[in-house]
Amino acid sequence: MSSRKLKIIVLALCSLLFAPLSAVETIIVGEIVNETTGEAIPNVNIHFRGTKIGTTSDENGSYVLRVDMQAKAQLVFSAVGYYTQRFEIEPGAMAGLQVAMRERTAMLTEVVVAPNENPALELLRQVRAHRSENDRTLHPDLSSVLQREQTLYVSQINKRHLRRALWRSLQAGMIAQEDSTYILPLYRETQSFRAAGNEFTPANDQRSQTLILSQTDYSTLLGSEGNLNFYANSVSLMGHAFLSPLAQGGNLYYRYYLVGEDTIRFRTRNAFYATFNGEMVIDTATYALRSIHAFVPPEVAVNYINDLHVSQTLAPDGTILDESLSVLLDFAVKSEQAGTVFPSLLLTTALRNNDIAASQDLEVSSSRHLDNPPAATTDSAFNTLDSLPIIRTAKWFATIATTGYIPTGTFLDIGHVEEILQINHHEGVHVGLPFRTNEKLSKVVSLEASVGYGFKDRSPKGMGRISVNLPTPRRHIMQLEYNDRYVWSEVDDFDRLLRENSMGWGNFDFTAYAFEALHRDSLCVNTAMRQRQIQYHWWADWGERVETHLYARAGWQQGYAYQSLSAIARLSWGEKKYDGYFLRRYAYSNVYPVLYLGLEAGHCTDELYAHLRIMLTQHANLGFGGTLTYAFQAGAIFGQVPDAFLWQASANQGYAYDPYRFTLLHGNQLLADKYMALQAEWNGQGILFNLIPGIRWLHLRELVEAKIAYGYNQQLVTNGHQLYSEIGVGLGNLLRVCDLYSVWSLSPTIQWGMRFRIHLGL
């Protein structure tokens, strides 16, 4: 028997036990749920037809109705957004009645709310109208110092699994014996921030305690700094945009219920959208948000994120008093077979304004997911876990996955892993032995080298690099290296910047790199060429927003000797960065674009040349409208240079899809010294598929791409102007790991092709 049915029977028996002895008294108890999702439905109107006798369901969807009846009557269940249900009730009946209501998800126009009929809507209208006065992000003069604590645990470990030798040593003192689930800490960090307006600036007093990985390695998990703003149309959490219940168009996607003088309960109209359920308290004098608790429905089409809860309490001036977040990250698979449950990751984030909270004796409510073990227990667990062989093994594999280098336990790492084995057309099979020193030898100096051999061209190759991290307050790294390798002529410094966090060869998307050896037809031109080069690179930070790269090069490529000096400036706003050992990851958590400016001057084939270029990229959250990723490039080359030094539109050599390469373009098809290019992709995050019953359970994504490149080559006698464009549509998140695209080339000729991409973590 299900727990829900048992609950109804218990309620019915209790009602019978305490019911007065009256032959005509009727008692109906039960629960109201969504027919599709099984979620409880609160605030359902329940009344006998033609009378004023009735009640409403509570926040758990439960109800109790006691009434004296003289004749059979019709009991009506009605709620905004649901089809009305009616049941015939006999007088003197004492029963448990569970009601499954069907949602009106297909036609929002069927729901008509007359002015002033729902008092919650009028209160919300006032809150939105007074946003300019109450939204703290619009008032940079308001500032406060907040302390943030982030903790990452292994969660959902059942006690019966702790009987194994691995976990037995952890039972003592970890968690209360009556608890049925264990959580073990992996990472903890505390840091102070100053919040002023829309700025969230970290202070220097940061303390972290790591177990398996460092903060750099957790950059994709620690995706929420806090300081959430529900006045905005969307709230960014864990790299995803959720529609705020205070959004201007919130009435289309939420149902609101006034459950007190100042309390509004909100429920999503479609649990598959990136929306919330929850409750908020409004100051009825100033129409300001005072507190909010929101949680994401389990049906929402966001991979890996589960059981996400957010709570926030604000001071009268709009500054944060307290904020907490908890989320389960289901990277592990859960199975109900034989009762096996594999662990998930539990991430908690807490912000607290200690001065204000202490002065007002604030009592903060939190869900059960935010209950953390005592600090002493956590510290003990860190020390114990770090010595376990399985943890050391996990740390070893995780380091490979996040840095690309294989730790050996000594001062030498094997890396970069892509140099160990490669399969490509120009070398056939390439094997190599790469290595680098790590912080165990020196924290300020890194030595890196690689020797390799290609069996097809029967040629040895190699690389050597020395890097020095200068002892300055900001990051300044100097590198000197020699390279003898094959490179793609269309890949230069700017193209590498498009893939700053990529793993596969630093040039292409993972799928494109893995399947680079598969050409689609004989027209594909292999644009790889042998290069021998010595390079000096100075990488410097000049503030939170500006970093520069300076290169000095001399080398030989495709029969041409060259020397060049180039500089690139990278400008970003509000971006989150994580620095490791001579490695940086960009979290791409900002809502602003990233701007690159570049200038290169050099000498090639007895000719001087200069290359000026600009690039703008952004991964923008469009709130309920999904995400938009784009990259715009423009540049000009002055002087006579060989074809290998002209700008080349990045062509696709195989069946794999790459968002920054032209899918149906052949190698060397578009060469130019004056050029512009735009690549854009829209991911609808299920905005259309979530409307289709049955299909929405697949969590598919709508994908639309558009790419265009224009170039002018003054060295061509005829047809110096060249234009290439293509569009495509696709299905994202197939089987949770794959995207499938259908692409059409529009100019200069019409072509069609299918491409795929392995893309985890959409």
# chains A, B, ... in the order shown; residues from 1 in each chain; ligands from 1

$ residues_around --residues "Asn483 of chain A" --least-positions-apart "3" --cutoff "9 Å" --atoms "only C-alpha atoms" --output "ChimeraX atom specification"
/A:461-465,531-535

$ residues_around --residues "Gly711 of chain A" --least-positions-apart "6" --cutoff "12 Å" --atoms "only C-alpha atoms" --output "list in words"
Gln633, Ala634, Gly635, Ala636, Ile637, Leu646, Trp647, Gln648, Ala649, Gln669, Leu670, Leu671, Ala672, Asp673, Lys674, Tyr675, Met676, Ala677, Asn719, Gly720, His721, Gln722, Leu723, Tyr724 and Ser725 of chain A

$ residues_around --residues "Glu299 of chain A" --least-positions-apart "6" --cutoff "10 Å" --atoms "only C-alpha atoms" --output "PyMOL selection string"
chain A and resi 37+270-274+306+696-697+699

$ residues_around --residues "Asn652 of chain A" --least-positions-apart "5" --cutoff "8 Å" --atoms "only C-alpha atoms" --output "list of chain:residue names"
A:Tyr657, A:Asp658, A:Arg661, A:Phe662, A:Thr663, A:Leu664, A:Leu665, A:His666, A:Gly667

$ write_last_selection --atoms "C-alpha atoms" --output "PDB file, in the first residue's frame"
ATOM      1  CA  TYR A 657      29.613  19.360 -34.933  1.00  0.00           C
ATOM      2  CA  ASP A 658      31.691  22.223 -33.530  1.00  0.00           C
ATOM      3  CA  ARG A 661      33.610  25.913 -36.971  1.00  0.00           C
ATOM      4  CA  PHE A 662      31.669  26.204 -40.210  1.00  0.00           C
ATOM      5  CA  THR A 663      29.964  22.846 -40.518  1.00  0.00           C
ATOM      6  CA  LEU A 664      29.867  22.319 -44.302  1.00  0.00           C
ATOM      7  CA  LEU A 665      32.880  24.430 -45.267  1.00  0.00           C
ATOM      8  CA  HIS A 666      35.898  22.751 -46.881  1.00  0.00           C
ATOM      9  CA  GLY A 667      39.446  23.517 -45.830  1.00  0.00           C
TER      10      GLY A 667
END

$ residues_around --residues "segment 44-50 of chain A" --least-positions-apart "2" --cutoff "6 Å" --atoms "only C-alpha atoms" --output "compact mmCIF listing (two decimals) with C-alpha atoms, in the first residue's frame"
# COMPACT_ATOMS: atom_id res chain seq x y z
CA PRO A 42 -2.49 23.57 -2.39
CA ILE A 53 -20.09 25.36 2.67
CA GLY A 54 -16.51 24.43 1.82
CA THR A 55 -12.80 24.60 2.57
CA THR A 56 -9.41 24.73 0.80
CA SER A 57 -6.53 22.27 0.63
CA GLN A 74 -22.31 17.40 -5.30
CA LEU A 75 -18.79 18.19 -3.97
CA VAL A 76 -16.83 20.45 -6.35
CA PHE A 77 -13.01 20.74 -6.55
CA SER A 78 -11.75 23.75 -8.54
CA ALA A 79 -8.40 25.54 -8.97

$ closest_residue --among "A:Asn713, A:Arg148, A:Leu252, A:Glu261" --to "Pro202 of chain A" --atoms "only C-alpha atoms"
A:Arg148

$ residues_around --residues "Thr268 of chain A" --least-positions-apart "2" --cutoff "7 Å" --atoms "only C-alpha atoms" --output "VMD selection string"
chain A and resid 253 to 255 266 270 to 271 275 to 277

$ atom_distance --atom1 "atom CA of Tyr153 of chain A" --atom2 "atom CA of Leu186 of chain A"
5.2 Å

$ closest_residue --among "A:Thr399, A:Asn118, A:Ser745, A:Ser564" --to "Val259 of chain A" --atoms "only C-alpha atoms"
A:Asn118

$ residues_around --residues "Arg136 of chain A" --least-positions-apart "2" --cutoff "9 Å" --atoms "only C-alpha atoms" --output "ChimeraX atom specification"
/A:132-134,138-140,142-143,196-198,229,317-320

$ write_last_selection --atoms "C-alpha atoms" --output "compact mmCIF listing (two decimals), in the first residue's frame"
# COMPACT_ATOMS: atom_id res chain seq x y z
CA SER A 132 13.18 50.78 -8.60
CA GLU A 133 12.82 51.76 -4.94
CA ASN A 134 13.39 48.34 -3.37
CA LEU A 138 19.83 49.54 -8.46
CA HIS A 139 21.30 51.39 -5.46
CA PRO A 140 25.13 51.14 -5.46
CA LEU A 142 23.83 50.43 -0.33
CA SER A 143 26.67 48.14 0.71
CA ALA A 196 27.31 47.09 -3.29
CA GLY A 197 24.64 47.59 -5.93
CA ASN A 198 25.26 45.01 -8.62
CA ASN A 229 18.19 39.00 -7.00
CA ASP A 317 16.71 48.71 3.04
CA GLY A 318 16.92 45.70 0.69
CA THR A 319 20.32 44.37 1.74
CA ILE A 320 20.70 40.67 2.40
